[in-house]
$ cat input_24.txt   # compact mmCIF, C-alpha atoms
# COMPACT_ATOMS: atom_id res chain seq x y z
CA MET V 1 0.00 0.00 0.00
CA ASN V 2 2.89 2.31 0.79
CA GLN V 3 3.61 4.16 -2.44
CA LEU V 4 6.32 6.40 -0.94
CA PRO V 5 9.81 5.93 -2.38
CA LYS V 6 12.32 4.06 -0.19
CA ASN V 7 15.05 6.59 -0.93
CA PRO V 8 14.99 9.05 2.04
CA ALA V 9 16.27 11.99 -0.04
CA LEU V 10 13.54 11.45 -2.62
CA ARG V 11 10.93 11.06 0.12
CA ARG V 12 11.98 14.34 1.75
CA TYR V 13 11.93 16.00 -1.67
CA LEU V 14 8.37 14.80 -2.37
CA TYR V 15 7.21 15.89 1.08
CA ARG V 16 8.70 19.39 0.70
CA PHE V 17 7.46 19.67 -2.87
CA LEU V 18 3.90 18.84 -1.86
CA ILE V 19 3.99 21.45 0.92
CA ALA V 20 5.33 24.08 -1.50
CA MET V 21 2.71 23.23 -4.13
CA SER V 22 -0.09 23.37 -1.53
CA LEU V 23 1.14 26.81 -0.47
CA TYR V 24 1.29 27.80 -4.13
CA VAL V 25 -2.40 26.96 -4.60
CA VAL V 26 -3.36 28.84 -1.42
CA PHE V 27 -1.24 31.91 -2.32
CA LEU V 28 -2.43 31.98 -5.92
CA VAL V 29 -6.08 31.74 -4.94
CA THR V 30 -5.53 34.42 -2.28
CA ALA V 31 -3.90 36.81 -4.76
CA LEU V 32 -6.49 36.16 -7.49
CA TRP V 33 -9.30 36.64 -4.99
CA ALA V 34 -7.93 39.71 -3.19
CA PHE V 35 -6.90 41.86 -6.19
CA PRO V 36 -10.33 42.46 -7.74
CA ILE V 37 -11.99 42.93 -4.34
CA TYR V 38 -9.52 45.08 -2.39
CA HIS V 39 -7.58 46.74 -5.25
CA PRO V 40 -4.40 46.87 -3.14
CA THR V 41 -1.83 49.56 -3.93
CA GLY V 42 1.80 50.30 -3.05
CA PRO V 43 3.98 47.75 -1.27
CA LEU V 44 0.97 45.64 -0.28
CA ALA V 45 0.08 45.15 -3.93
CA TYR V 46 3.64 44.02 -4.67
CA LEU V 47 3.62 41.70 -1.68
CA LEU V 48 0.32 40.15 -2.73
CA GLY V 49 1.43 39.98 -6.36
CA ILE V 50 4.68 38.19 -5.57
CA LEU V 51 3.04 35.76 -3.12
CA PRO V 52 2.38 32.94 -5.66
CA ALA V 53 6.00 33.18 -6.89
CA LEU V 54 7.46 32.44 -3.45
CA PRO V 55 6.51 28.72 -3.26
CA ILE V 56 7.76 28.29 -6.83
CA ILE V 57 11.11 29.80 -5.81
CA ALA V 58 11.01 27.44 -2.84
CA VAL V 59 10.64 24.51 -5.27
CA ILE V 60 13.91 25.56 -6.94
CA VAL V 61 15.59 25.53 -3.52
CA ILE V 62 13.93 22.17 -2.71
CA VAL V 63 15.38 20.65 -5.89
CA GLY V 64 18.77 22.00 -4.79
CA PHE V 65 18.35 20.31 -1.39
CA TYR V 66 17.42 17.06 -3.12
CA LEU V 67 20.55 17.18 -5.28
CA ALA V 68 22.67 17.83 -2.19
CA GLU V 69 20.99 15.09 -0.13
CA GLU V 70 20.81 12.41 -2.84
CA LYS V 71 23.50 9.87 -1.95
CA ASP V 72 23.14 7.88 -5.15
CA GLU V 73 25.67 9.49 -7.49
CA PHE V 74 24.11 7.94 -10.60
CA GLN V 75 20.67 9.39 -9.84
CA GLN V 76 22.38 12.70 -9.10
CA ARG V 77 24.17 12.57 -12.45
CA VAL V 78 20.97 11.77 -14.37
CA LEU V 79 19.11 14.69 -12.77
CA MET V 80 21.99 17.10 -13.35
CA GLN V 81 22.31 16.06 -17.00
CA ALA V 82 18.54 16.32 -17.43
CA MET V 83 18.55 19.81 -15.89
CA ILE V 84 21.33 20.93 -18.21
CA TRP V 85 19.27 19.70 -21.17
CA GLY V 86 16.24 21.40 -19.64
CA ILE V 87 18.10 24.71 -19.23
CA GLY V 88 19.44 24.56 -22.80
CA ALA V 89 16.06 23.72 -24.33
CA THR V 90 14.26 26.38 -22.24
CA LEU V 91 16.76 29.08 -23.22
CA ALA V 92 16.59 28.04 -26.88
CA ILE V 93 12.78 28.02 -26.98
CA THR V 94 12.30 31.29 -25.06
CA THR V 95 14.99 33.06 -27.12
CA ALA V 96 13.38 31.93 -30.39
CA TRP V 97 9.93 32.82 -29.05
CA GLY V 98 11.21 36.26 -27.99
CA PHE V 99 12.29 37.13 -31.52
CA LEU V 100 9.04 35.81 -32.98
CA GLU V 101 7.26 38.07 -30.48
CA VAL V 102 9.22 41.10 -31.74
CA PHE V 103 7.82 40.50 -35.22
CA LYS V 104 4.34 39.87 -33.80
CA LEU V 105 4.29 36.33 -35.16
CA VAL V 106 3.39 34.74 -31.82
CA PRO V 107 1.49 36.00 -28.75
CA GLN V 108 3.48 37.35 -25.81
CA LEU V 109 4.59 34.58 -23.49
CA PRO V 110 4.03 35.38 -19.80
CA LEU V 111 7.31 34.93 -17.93
CA TYR V 112 5.76 32.68 -15.29
CA VAL V 113 5.46 29.88 -17.86
CA VAL V 114 9.28 29.69 -18.15
CA PHE V 115 9.70 27.61 -14.99
CA PRO V 116 6.95 25.06 -15.80
CA LEU V 117 8.44 24.87 -19.31
CA PHE V 118 11.87 24.14 -17.80
CA CYS V 119 10.31 21.48 -15.51
CA ALA V 120 8.52 19.81 -18.41
CA LEU V 121 11.66 19.78 -20.57
CA THR V 122 13.79 18.51 -17.67
CA GLY V 123 11.22 15.77 -17.04
CA PHE V 124 11.29 14.78 -20.69
CA SER V 125 15.11 14.75 -20.64
CA THR V 126 15.10 12.59 -17.49
CA GLY V 127 12.97 10.01 -19.33
CA MET V 128 15.28 10.07 -22.35
CA LEU V 129 18.41 9.73 -20.20
CA LYS V 130 16.94 6.92 -18.10
CA SER V 131 16.13 4.94 -21.24
CA LYS V 132 19.67 5.61 -22.52
CA TYR V 133 21.21 4.25 -19.31
CA LYS V 134 18.89 1.24 -19.16
CA MET A 135 34.22 1.51 -18.45
CA LYS A 136 34.51 -2.24 -18.97
CA ASN A 137 34.34 -4.21 -15.75
CA ARG A 138 33.93 -7.65 -14.18
CA ILE A 139 31.04 -6.81 -11.87
CA ARG A 140 28.59 -9.21 -13.55
CA VAL A 141 31.06 -12.10 -13.09
CA LEU A 142 31.89 -11.14 -9.50
CA ARG A 143 28.20 -10.90 -8.75
CA ALA A 144 27.47 -14.28 -10.33
CA GLU A 145 30.26 -15.90 -8.27
CA ARG A 146 28.47 -14.78 -5.13
CA ASP A 147 25.02 -15.43 -6.56
CA TRP A 148 23.99 -11.83 -5.98
CA SER A 149 21.35 -10.10 -8.08
CA GLN A 150 21.81 -6.46 -9.13
CA ALA A 151 19.35 -5.58 -6.38
CA ASP A 152 21.46 -7.51 -3.79
CA LEU A 153 24.58 -5.61 -4.81
CA ALA A 154 22.68 -2.30 -4.83
CA LEU A 155 21.54 -2.97 -1.27
CA ARG A 156 25.11 -3.69 -0.15
CA LEU A 157 26.44 -0.58 -1.87
CA GLU A 158 23.54 1.56 -0.65
CA VAL A 159 22.75 2.74 -4.18
CA SER A 160 19.81 2.15 -6.51
CA ARG A 161 19.53 -0.95 -8.70
CA GLN A 162 19.62 1.35 -11.74
CA SER A 163 23.02 2.60 -10.58
CA VAL A 164 24.40 -0.94 -10.35
CA ASN A 165 23.03 -1.66 -13.82
CA ALA A 166 24.52 1.54 -15.28
CA ILE A 167 27.94 0.82 -13.75
CA GLU A 168 27.85 -2.87 -14.72
CA THR A 169 26.96 -2.13 -18.35
CA GLY A 170 29.78 0.41 -18.49
CA LYS A 171 27.47 3.36 -19.10
CA PHE A 172 28.32 5.13 -15.87
CA ASP A 173 31.73 5.33 -14.20
CA PRO A 174 31.46 5.34 -10.42
CA SER A 175 33.29 7.88 -8.27
CA LEU A 176 36.51 6.82 -6.58
CA PRO A 177 34.80 6.30 -3.18
CA LEU A 178 32.15 4.07 -4.76
CA ALA A 179 34.80 2.16 -6.73
CA PHE A 180 36.68 1.52 -3.46
CA LYS A 181 33.46 0.40 -1.83
CA LEU A 182 32.91 -2.07 -4.69
CA ALA A 183 36.48 -3.35 -4.41
CA ARG A 184 36.17 -3.81 -0.65
CA LEU A 185 32.86 -5.60 -1.06
CA PHE A 186 34.34 -8.04 -3.60
CA GLU A 187 37.54 -8.30 -1.52
CA THR A 188 39.72 -7.28 -4.43
CA THR A 189 41.28 -4.17 -5.96
CA ILE A 190 39.72 -1.52 -8.20
CA GLU A 191 42.06 -2.52 -11.04
CA ALA A 192 40.84 -6.10 -10.79
CA ILE A 193 37.24 -4.96 -11.28
CA PHE A 194 37.55 -2.16 -13.82
CA ASP A 195 39.39 -2.44 -17.08
CA ASP A 196 40.67 0.82 -18.45
CA GLU A 197 40.92 0.31 -22.21
CA ILE A 198 43.78 2.80 -22.52
CA ALA A 199 45.78 0.74 -20.05
CA GLU A 200 44.96 -2.32 -22.11
CA ASP A 201 46.33 -0.64 -25.25
CA ASN A 202 49.47 0.31 -23.37
CA ARG A 203 50.00 -3.28 -22.34
CA GLY A 204 49.83 -4.24 -25.98
CA LEU A 205 52.67 -1.91 -26.93
$ encode --input "input_24.txt" --output "structure tokens"
Amino acid sequence: MNQLPKNPALRRYLYRFLIAMSLYVVFLVTALWAFPIYHPTGPLAYLLGILPALPIIAVIVIVGFYLAEEKDEFQQRVLMQAMIWGIGATLAITTAWGFLEVFKLVPQLPLYVVFPLFCALTGFSTGMLKSKYK
Amino acid sequence: MKNRIRVLRAERDWSQADLALRLEVSRQSVNAIETGKFDPSLPLAFKLARLFETTIEAIFDDEIAEDNRGL
């Protein structure tokens, strides 16, 4: 019944990730709900606006903790390689998209999609690398 | 890097999972090292050598060294 991974570093990562993502949902809903009702201004508006970004930044830190705590050097290597592929692909796509935006060929991409894009590309790379090492 | 892990494992009748447990790494790691797709760090190589009661050189075969022997 226990679906949790045996690897303690991975288990801690999942636990922290779930907390961060729960906070993300709460913060996002709070910000989306409060803005149209209270029309905050000044520093409060910035604080409320940045709120949903904080758990996402925490996820980046949490991934860093996982890499530091993972004792299995092979798993560490796979994730690092996957992240390098993810970074490269994200930079390539967003750079290309940026120029297409200049010429009004594509709609403007909101910057908050960059991180999920990086995660998706890193996830895809992890799959590719794992099949390569199989 | 080419290595004799599969043979050493077979001599002891250990599965990849058994070896992984003894090395405190994942089974995928053992598989990647055994198939020569991933070179372990020096500490892990020493751990392997100690576990098989032999030396690192007796487990791993550096092809460059092999070429040198041929000269």
$ atom_distance --input "input_24.txt" --atom1 "atom CA of A:Ala154" --atom2 "atom CA of V:Met83"
25.1 Å
$ closest_residue --input "input_24.txt" --among "V:Cys119, V:Lys71, V:Ala45, V:Ala96" --to "chain A" --atoms "all atoms listed in the file"
V:Lys71
$ residues_around --input "input_24.txt" --residues "A:Val164" --least-positions-apart "2" --cutoff "8 Å" --atoms "only C-alpha atoms" --output "PyMOL selection string"
chain A and resi 150-151+153-154+159-162+166-168
$ atom_distance --input "input_24.txt" --atom1 "atom CA of V:Lys134" --atom2 "atom CA of A:Asn165"
7.4 Å
$ residues_around --input "input_24.txt" --residues "stretch 186-198 of chain A" --least-positions-apart "5" --cutoff "7 Å" --atoms "only C-alpha atoms" --output "list in words"
Met135, Lys136, Asn137, Arg138, Ile139, Ala179 and Phe180 of chain A
$ write_last_selection --input "input_24.txt" --atoms "C-alpha atoms" --output "PDB file, keeping the file's coordinate frame"
ATOM      1  CA  MET A 135      34.220   1.510 -18.450  1.00  0.00           C
ATOM      2  CA  LYS A 136      34.510  -2.240 -18.970  1.00  0.00           C
ATOM      3  CA  ASN A 137      34.340  -4.210 -15.750  1.00  0.00           C
ATOM      4  CA  ARG A 138      33.930  -7.650 -14.180  1.00  0.00           C
ATOM      5  CA  ILE A 139      31.040  -6.810 -11.870  1.00  0.00           C
ATOM      6  CA  ALA A 179      34.800   2.160  -6.730  1.00  0.00           C
ATOM      7  CA  PHE A 180      36.680   1.520  -3.460  1.00  0.00           C
TER       8      PHE A 180
END
$ closest_atom_pairs --input "input_24.txt" --of "chain V" --to "chain A" --cutoff "12 Å" --atoms "only C-alpha atoms" --output "CSV"
residue,atom,partner,partner_atom,distance
V:Pro5,CA,A:Ser160,CA,11.5
V:Lys6,CA,A:Ser160,CA,10.0
V:Asn7,CA,A:Ser160,CA,8.6
V:Pro8,CA,A:Glu158,CA,11.7
V:Leu10,CA,A:Ser160,CA,11.9
V:Glu70,CA,A:Val159,CA,10.0
V:Lys71,CA,A:Val159,CA,7.5
V:Asp72,CA,A:Val159,CA,5.2
V:Glu73,CA,A:Pro174,CA,7.7
V:Phe74,CA,A:Ser163,CA,5.5
V:Gln75,CA,A:Ser163,CA,7.2
V:Gln76,CA,A:Ser163,CA,10.2
V:Arg77,CA,A:Phe172,CA,9.2
V:Val78,CA,A:Phe172,CA,10.0
V:Leu129,CA,A:Lys171,CA,11.1
V:Lys130,CA,A:Gln162,CA,8.9
V:Ser131,CA,A:Gln162,CA,10.7
V:Lys132,CA,A:Lys171,CA,8.8
V:Tyr133,CA,A:Ala166,CA,5.9
V:Lys134,CA,A:Ala166,CA,6.8
$ write_last_selection --input "input_24.txt" --atoms "C-alpha atoms" --output "compact mmCIF listing (two decimals), keeping the file's coordinate frame"
# COMPACT_ATOMS: atom_id res chain seq x y z
CA PRO V 5 9.81 5.93 -2.38
CA LYS V 6 12.32 4.06 -0.19
CA ASN V 7 15.05 6.59 -0.93
CA PRO V 8 14.99 9.05 2.04
CA LEU V 10 13.54 11.45 -2.62
CA GLU V 70 20.81 12.41 -2.84
CA LYS V 71 23.50 9.87 -1.95
CA ASP V 72 23.14 7.88 -5.15
CA GLU V 73 25.67 9.49 -7.49
CA PHE V 74 24.11 7.94 -10.60
CA GLN V 75 20.67 9.39 -9.84
CA GLN V 76 22.38 12.70 -9.10
CA ARG V 77 24.17 12.57 -12.45
CA VAL V 78 20.97 11.77 -14.37
CA LEU V 129 18.41 9.73 -20.20
CA LYS V 130 16.94 6.92 -18.10
CA SER V 131 16.13 4.94 -21.24
CA LYS V 132 19.67 5.61 -22.52
CA TYR V 133 21.21 4.25 -19.31
CA LYS V 134 18.89 1.24 -19.16
$ build_atoms --input "input_24.txt" --residues "stretch 8-21 of chain V" --atoms "N, CA and C atoms" --output "CSV table (one decimal), in the coordinates of the input"
chain,number,residue,atom,x,y,z
V,8,PRO,N,15.4,8.0,1.1
V,8,PRO,CA,15.0,9.0,2.0
V,8,PRO,C,15.1,10.4,1.4
V,9,ALA,N,16.1,10.7,0.6
V,9,ALA,CA,16.3,12.0,0.0
V,9,ALA,C,15.1,12.3,-0.9
V,10,LEU,N,14.7,11.3,-1.7
V,10,LEU,CA,13.5,11.4,-2.6
V,10,LEU,C,12.2,11.7,-1.8
V,11,ARG,N,12.1,10.9,-0.7
V,11,ARG,CA,10.9,11.1,0.1
V,11,ARG,C,10.8,12.5,0.7
V,12,ARG,N,12.0,13.0,1.2
V,12,ARG,CA,12.0,14.3,1.8
V,12,ARG,C,11.6,15.3,0.7
V,13,TYR,N,12.2,15.1,-0.5
V,13,TYR,CA,11.9,16.0,-1.7
V,13,TYR,C,10.4,16.0,-2.0
V,14,LEU,N,9.8,14.9,-2.1
V,14,LEU,CA,8.4,14.8,-2.4
V,14,LEU,C,7.5,15.5,-1.3
V,15,TYR,N,7.9,15.3,-0.1
V,15,TYR,CA,7.2,15.9,1.1
V,15,TYR,C,7.3,17.4,1.0
V,16,ARG,N,8.5,17.9,0.8
V,16,ARG,CA,8.7,19.4,0.7
V,16,ARG,C,8.0,20.0,-0.5
V,17,PHE,N,8.1,19.2,-1.6
V,17,PHE,CA,7.5,19.7,-2.9
V,17,PHE,C,5.9,19.8,-2.7
V,18,LEU,N,5.4,18.8,-2.1
V,18,LEU,CA,3.9,18.8,-1.9
V,18,LEU,C,3.5,20.0,-1.0
V,19,ILE,N,4.3,20.3,0.1
V,19,ILE,CA,4.0,21.4,0.9
V,19,ILE,C,4.1,22.7,0.1
V,20,ALA,N,5.1,22.9,-0.7
V,20,ALA,CA,5.3,24.1,-1.5
V,20,ALA,C,4.2,24.2,-2.5
V,21,MET,N,3.8,23.1,-3.1
V,21,MET,CA,2.7,23.2,-4.1
V,21,MET,C,1.3,23.5,-3.5
